[in-house]
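> Have a look at the structure that comes next, please.
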Protein chains: 2
Amino acid sequence: MALIVQKYGGTSVGDLDRIRNVAKRVVRTRDAGNDVVVILSAMSGVTDQLISMAGNICGTPDCREMDVLLATGEQTTVSLMAMTLQAMGYKARSMLGHQAEILTDSSYNRARIQEIGARRIRDLLGQGNIVVVAGFQGVDAQGDITTLGRGGSDTSAVAVAAALNADQCEIYTDVDGIYTADPNICAKARKLSRIAYDEMLEMASLGAKVLQIRSVEFAKKYNVPLHVRSSFNEEEGTMVVHEDANMEKVVVSGVTHNKNEARITLRKVPDKPGIASKILAPIAEAGIGVDMIIQNTRLSHMTDLTFTVPKSDFGAAMEIEKKVAGEIGAEEVLGDEDIAKVSVIGVGMRSHSGVASKMFATLSAENINILMISTSEIRISCVIEEKYTELAVRALHTAFALDNE
Amino acid sequence: MALIVQKYGGTSVGDLDRIRNVAKRVVRTRDAGNDVVVILSAMSGVTDQLISMAGNICGTPDCREMDVLLATGEQTTVSLMAMTLQAMGYKARSMLGHQAEILTDSSYNRARIQEIGARRIRDLLGQGNIVVVAGFQGVDAQGDITTLGRGGSDTSAVAVAAALNADQCEIYTDVDGIYTADPNICAKARKLSRIAYDEMLEMASLGAKVLQIRSVEFAKKYNVPLHVRSSFNEEEGTMVVHEDANMEKVVVSGVTHNKNEARITLRKVPDKPGIASKILAPIAEAGIGVDMIIQNTRLSHMTDLTFTVPKSDFGAAMEIEKKVAGEIGAEEVLGDEDIAKVSVIGVGMRSHSGVASKMFATLSAENINILMISTSEIRISCVIEEKYTELAVRALHTAFALDNE
């Protein structure tokens with residue numbers, strides 16, 4: 001008898017019929033002799049509706065109250081699911097974030113899980129229940145409701161699986177696994193049967209939207225095997241696991257792209273020690289995340305500094321830098337929203353050389369100009385003009401022998 | 001500076017515009033220098049929608065899960081209200097049932113409040129907040145969500161007012177006070193400026209649907225002055241308070257009617273000790289409340305026993321009694337759903353005689369046959385044929401000099 005944690009996203013529980021279908025899947029796992037904990041998101045669209053309702057009250061609703069509002073979404077689905085399971089003749093109980101003791105910090109709207117008590121989940125499992133836990137929500141030290149940010153239910157699921165020492169954590173979603181590239185723009189993309197946590201982390205942070213990045217960090221840290229699969233069919237999906245020797249034979253596992261960044265350049269900045277900090281500290285203070293940073297030294301003690309920010313923060317970041325430019329004596333501030341980042345990812349890079357040069361050559365052969373480059377141990381990313389995104393992804397997919405034959 | 005508890009019903013918070021209007025009223029009270037605690041129901045219709053959604057899953061959804069589902073209604077309104085108050089420049093915080101420590105027993109769907117901690121409400125008031133508390137919901141000793149039954153937000157409001165030792169508890173609703181009779185059937189009904197708790201208790205239990213009966217019991221027990229008024233205008237409503245000498249001068253304060261009961265008669269029951277218990281115990285065991293009971297002794301050790309039950313439980317009660325009749329040797333079971341109960345109520349009855357005979361004479365003058373009679377210290381009720389309800393109410397209203405001139 002295994003303990004299986006299953007997480008179903010908003011599309012999978014989008015209406016009562018879909019909830020019934022999910023329930024059937026849950027009880028099949030139960031009937032096979034397993035203990036089952038189910039983590040649910042809100043019905044698809046509900047969270048957006050609630051955000052829009054709050055937006056009609058004021059532009060930036062209070063974060064704490066927003067979380068109280070948003071938490072109703074998952075509360076609805078877990079109670080409906082528990083009722084559905086009971087109607088099918090199974091013992092079932094819903095658990096909200098505070099009841100499941102999903103303790104977080106007090107960063108409303110994007111709280112981080114600090115600890116999971118899970119005592120009641122364990123008790124309820126012991127009494128023969130299927131336990132249905134509200135994803136996305138937690139509780140802080142004051143007893144206030146917090147939410148974990150977009151995709152937070154993935155993290156709830158992995159954290160609960162870790163706390164319960166579950167045998168597997170199945171993430172059911174509306175795609176049937178992790179692909180070598182986005183199938184919407186790369187027809188030859190293949191589903192991966194296995195992928196390493198580290199690869200998944202790079203993919204998630206680069207915009208492959210299947211899993212919330214923190215859920216993968218949690219899974220890696222607590223060694224929770226993840227199975228990403230579709231709730232609409234019976235096919236095996238993709239296992240996200242620790243890397244093994246087999247994975248390392250493959251140089252590149254996938255090609256990702258991200259159109260959600262913009263870049264900002266401060267030109268002719270007097271090149272003094274501490275100048276990068278003067279430019280970037282106000283961005284960090286405004287809560288804006290910086291991804292890539294490049295500094296080119298010019299002649300005569302001048303430098304150019306370029307960095308990327310999320311497109312949604314571009315306007316705010318430009319405002320900040322125009323002010324900074326005045327203070328530090330930079331010549332001008334340039335902004336560009338029409339960029340994209342394409343990346344190749346693979347744990348095999350650790351033991352293979354020549355990946356970067358092959359990537360640059362491939363883009364060059366398509367006459368795609370590289371605007372910025374960044375690398376990690378298992379990833380190479382190039383910023384290019386946005387209009388070349390699809391071309392670049394397809395060319396790299398072919399060049400690294402990922403195409404589905 | 002006073003501490004005012006204001007409760008707004010579902011119609012008053014039915015959409016964002018109405019929530020804004022309620023918020024304006026709240027801040028007027030705040031601006032006048034008062035501490036304000038606001039108790040809210042779910043938006044009108046939402047609770048029914050949720051019940052119907054659950055009904056699509058199964059006929060009798062699990063009570064515990066039902067309460068988890070229903071509690072989302074108030075959670076939504078309190079967060080929206082707190083945001084609205086903040087958008088108007090006021091400090092505000094929402095509190096759910098478990099956060100406000102509204103501790104109840106575990107009778108899901110109709111839990112009873114056992115204790116209110118209210119520590120956090122007090123803290124938040126001390127920090128200058130308007131505190132917006134979810135009505136209708138509480139939490140049991142296991143930390144599970146409970147709800148207080150239809151109209152439970154009234155009881156939440158009074159209980160919070162009692163716990164905080166508030167100066168007044170204002171119940172805002174879609175009627176503008178307590179009337180001498182239902183204005184829908186009695187055009188000459190008048191709004192009462194004051195009514196005694198005991199009168200209100202009799203009225204509420206008899207079907208005047210303005211206040212949940214338990215809220216009045218709470219208010220009486222903890223001496224919380226209630227002000228029942230409309231959220232759609234500025235008029236004074238009706239104060240519900242301890243009775244005073246002035247009230248006693250009025251013999252009858254109001255005429256109520258109730259069409260939601262049905263009566264059941266067991267004919268020719270062998271008249272042995274314990275027979276009433278044999279007939280009524282199974283009804284109580286089925287959770288059905290019995291209102292009036294009448295036993296007529298016949299000749300030759302036979303008796304007829306008649307009682308009334310809520311119309312919604314009539315079918316179930318008839319089933320039970322048909323079985324009982326066979327066991328105890330009763331001749332037949334008769335059921336009648338076409339009945340109504342009309343009552344006259346007034347604390348003045350304590351010191352005035354002749355009210356009953358005047359009531360009977362008035363009905364008789366209209367050729368209305370009395371089927372059953374029951375009385376309390378401050379009430380006389382007659383069961384009549386349902387079709388005479390309106391006629392009876394109007395005739396009694398005139399007879400007891402309640403008509404609006």
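Each chain in the structure tokens gets a letter, A, B, ..., in the order shown, and its residues are numbered from 1; ligands are numbered from 1 in order too.
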Apply DSSP to the backbone of this structure and, from segment 88-216 of chain A, keep only the residues in strand (DSSP E); write these as a ChimeraX atom specification.
/A:92-95,102-104,113-116,130-134,137-139,145-147,168-173,194-196
> Would you save the residues from that selection as a CSV table (one decimal), in the first residue's frame, using N, CA, C and O atoms?

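Result went into out26.csv, see below:
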```
chain,number,residue,atom,x,y,z
A,92,ALA,N,-14.5,10.6,2.8
A,92,ALA,CA,-13.7,11.7,2.3
A,92,ALA,C,-13.9,12.9,3.2
A,92,ALA,O,-14.9,13.1,3.8
A,93,ARG,N,-12.8,13.7,3.3
A,93,ARG,CA,-12.9,14.9,4.1
A,93,ARG,C,-12.1,16.0,3.4
A,93,ARG,O,-11.0,15.8,2.9
A,94,SER,N,-12.6,17.2,3.4
A,94,SER,CA,-11.8,18.4,2.9
A,94,SER,C,-11.0,19.0,4.0
A,94,SER,O,-11.3,18.9,5.2
A,95,MET,N,-9.9,19.6,3.6
A,95,MET,CA,-9.0,20.3,4.6
A,95,MET,C,-8.6,21.6,3.9
A,95,MET,O,-8.1,21.6,2.8
A,102,ILE,N,-0.7,24.3,6.8
A,102,ILE,CA,0.3,24.7,5.8
A,102,ILE,C,0.7,26.1,6.2
A,102,ILE,O,0.1,27.1,5.9
A,103,LEU,N,1.8,26.1,7.0
A,103,LEU,CA,2.3,27.4,7.6
A,103,LEU,C,3.2,28.1,6.6
A,103,LEU,O,4.1,27.5,6.1
A,104,THR,N,2.9,29.4,6.4
A,104,THR,CA,3.7,30.2,5.5
A,104,THR,C,4.2,31.4,6.2
A,104,THR,O,3.8,31.8,7.3
A,113,ILE,N,5.9,28.6,1.8
A,113,ILE,CA,5.6,27.6,2.8
A,113,ILE,C,6.8,27.4,3.8
A,113,ILE,O,7.9,27.3,3.3
A,114,GLN,N,6.6,27.4,5.1
A,114,GLN,CA,7.7,27.3,6.0
A,114,GLN,C,7.6,25.9,6.7
A,114,GLN,O,8.7,25.4,7.1
A,115,GLU,N,6.4,25.4,6.8
A,115,GLU,CA,6.3,24.1,7.5
A,115,GLU,C,4.9,23.6,7.3
A,115,GLU,O,4.0,24.3,7.0
A,116,ILE,N,4.8,22.3,7.3
A,116,ILE,CA,3.5,21.6,7.2
A,116,ILE,C,3.3,20.7,8.3
A,116,ILE,O,4.1,19.8,8.5
A,130,ILE,N,-10.3,9.5,2.2
A,130,ILE,CA,-9.5,10.2,1.1
A,130,ILE,C,-9.5,11.7,1.6
A,130,ILE,O,-10.6,12.2,1.9
A,131,VAL,N,-8.4,12.3,1.7
A,131,VAL,CA,-8.3,13.6,2.2
A,131,VAL,C,-8.1,14.6,1.0
A,131,VAL,O,-7.2,14.4,0.2
A,132,VAL,N,-9.0,15.6,1.0
A,132,VAL,CA,-9.0,16.6,-0.1
A,132,VAL,C,-8.5,17.9,0.4
A,132,VAL,O,-9.2,18.5,1.2
A,133,VAL,N,-7.3,18.3,0.0
A,133,VAL,CA,-6.7,19.5,0.6
A,133,VAL,C,-6.8,20.7,-0.4
A,133,VAL,O,-6.5,20.5,-1.6
A,134,ALA,N,-7.2,21.8,0.1
A,134,ALA,CA,-7.2,23.1,-0.7
A,134,ALA,C,-5.8,23.5,-1.1
A,134,ALA,O,-5.0,23.7,-0.2
A,137,GLN,N,-3.3,27.7,-0.8
A,137,GLN,CA,-3.5,28.5,0.4
A,137,GLN,C,-2.8,28.0,1.6
A,137,GLN,O,-2.6,26.8,1.7
A,138,GLY,N,-2.4,28.9,2.4
A,138,GLY,CA,-1.8,28.6,3.7
A,138,GLY,C,-2.3,29.5,4.8
A,138,GLY,O,-3.3,30.2,4.6
A,139,VAL,N,-1.6,29.5,5.9
A,139,VAL,CA,-1.9,30.4,7.0
A,139,VAL,C,-0.6,30.8,7.6
A,139,VAL,O,0.4,30.1,7.7
A,145,ILE,N,-5.1,34.1,6.4
A,145,ILE,CA,-5.0,33.3,5.2
A,145,ILE,C,-3.9,33.9,4.2
A,145,ILE,O,-3.9,35.2,4.0
A,146,THR,N,-3.1,33.1,3.7
A,146,THR,CA,-2.1,33.5,2.7
A,146,THR,C,-2.3,32.7,1.4
A,146,THR,O,-2.9,31.6,1.5
A,147,THR,N,-1.9,33.2,0.3
A,147,THR,CA,-1.9,32.4,-0.9
A,147,THR,C,-0.5,32.3,-1.5
A,147,THR,O,0.4,33.2,-1.2
A,168,GLN,N,4.6,9.0,-4.1
A,168,GLN,CA,4.6,9.7,-5.4
A,168,GLN,C,3.7,10.9,-5.3
A,168,GLN,O,2.7,10.9,-4.6
A,169,CYS,N,4.0,11.9,-6.1
A,169,CYS,CA,3.2,13.1,-6.2
A,169,CYS,C,2.8,13.2,-7.7
A,169,CYS,O,3.7,13.5,-8.5
A,170,GLU,N,1.5,13.0,-8.0
A,170,GLU,CA,1.1,13.1,-9.4
A,170,GLU,C,0.5,14.5,-9.6
A,170,GLU,O,-0.4,14.9,-8.9
A,171,ILE,N,1.0,15.2,-10.6
A,171,ILE,CA,0.5,16.5,-10.9
A,171,ILE,C,-0.3,16.4,-12.2
A,171,ILE,O,0.2,16.2,-13.3
A,172,TYR,N,-1.7,16.4,-12.0
A,172,TYR,CA,-2.5,16.3,-13.2
A,172,TYR,C,-2.8,17.7,-13.8
A,172,TYR,O,-3.1,18.6,-13.0
A,173,THR,N,-2.7,17.8,-15.1
A,173,THR,CA,-2.8,19.1,-15.7
A,173,THR,C,-3.5,19.0,-17.0
A,173,THR,O,-4.0,17.9,-17.3
A,194,ARG,N,11.2,11.1,-18.9
A,194,ARG,CA,11.8,11.5,-17.6
A,194,ARG,C,12.6,12.8,-17.8
A,194,ARG,O,13.1,13.1,-18.9
A,195,ILE,N,12.7,13.5,-16.8
A,195,ILE,CA,13.5,14.8,-16.8
A,195,ILE,C,14.0,15.0,-15.4
A,195,ILE,O,13.4,14.6,-14.4
A,196,ALA,N,15.2,15.6,-15.3
A,196,ALA,CA,15.8,15.8,-14.0
A,196,ALA,C,15.2,17.0,-13.4
A,196,ALA,O,14.8,18.0,-14.0
```
> Could you produce a table of the residues of chain B lying within 9 Å of chain A, with the nearest pair of atoms per residue and their separation in Å rounded to one decimal, using only C-alpha atoms, ordered by chain and increasing residue number, as a tab-separated table?

```
residue	atom	partner	partner_atom	distance
B:Leu16	CA	A:Ile57	CA	7.5
B:Arg20	CA	A:Ile57	CA	8.6
B:Leu50	CA	A:Thr76	CA	8.9
B:Met53	CA	A:Leu16	CA	8.3
B:Ala54	CA	A:Leu80	CA	6.7
B:Asn56	CA	A:Leu16	CA	8.1
B:Ile57	CA	A:Thr84	CA	6.0
B:Cys58	CA	A:Ala87	CA	6.1
B:Gly59	CA	A:Ala87	CA	8.9
B:Thr60	CA	A:Ala87	CA	8.9
B:Pro61	CA	A:Met83	CA	5.9
B:Asp62	CA	A:Met83	CA	6.2
B:Arg64	CA	A:Arg93	CA	8.5
B:Glu65	CA	A:Ser79	CA	5.1
B:Met66	CA	A:Ser79	CA	6.9
B:Asp67	CA	A:Ser79	CA	8.5
B:Val68	CA	A:Ser79	CA	6.0
B:Leu69	CA	A:Thr76	CA	5.3
B:Leu70	CA	A:Thr76	CA	8.4
B:Ala71	CA	A:Thr72	CA	8.5
B:Thr72	CA	A:Thr72	CA	5.2
B:Gly73	CA	A:Thr72	CA	8.1
B:Gln75	CA	A:Leu69	CA	6.6
B:Thr76	CA	A:Leu69	CA	5.3
B:Thr77	CA	A:Leu69	CA	8.3
B:Val78	CA	A:Leu69	CA	8.3
B:Ser79	CA	A:Glu65	CA	5.1
B:Leu80	CA	A:Ala54	CA	6.7
B:Ala82	CA	A:Glu65	CA	6.8
B:Met83	CA	A:Pro61	CA	5.9
B:Thr84	CA	A:Ile57	CA	6.0
B:Gln86	CA	A:Asp62	CA	7.6
B:Ala87	CA	A:Cys58	CA	6.1
B:Arg93	CA	A:Glu65	CA	7.5
B:Ser94	CA	A:Glu65	CA	7.0
B:Met95	CA	A:Asp144	CA	8.7
B:Leu96	CA	A:Val68	CA	8.8
B:Gln99	CA	A:Gly143	CA	6.8
B:Gly143	CA	A:Gln99	CA	6.8
B:Asp144	CA	A:Gln99	CA	7.7
```
> Could you please determine the separation between atom CA of Ala118 of chain B and atom CA of Tyr8 of chain B in Å, to one decimal place?
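Separating atom CA of Ala118 of chain B from atom CA of Tyr8 of chain B is a distance of 19.3 Å.
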> Could you pull the residues within 10 Å of segment 344-358 of chain B, counting only C-alpha atoms, minus those fewer than 6 positions along the same chain, as an MDAnalysis selection string?
chainID B and resid 180:181 195:200 202:203 243:257 364 373 375:382 393 396:397 399:400
> If you run DSSP on the backbone here, which positions in segment 344-378 of chain B get alpha helix (DSSP H)? Please write them as a ChimeraX atom specification.
/B:355-365
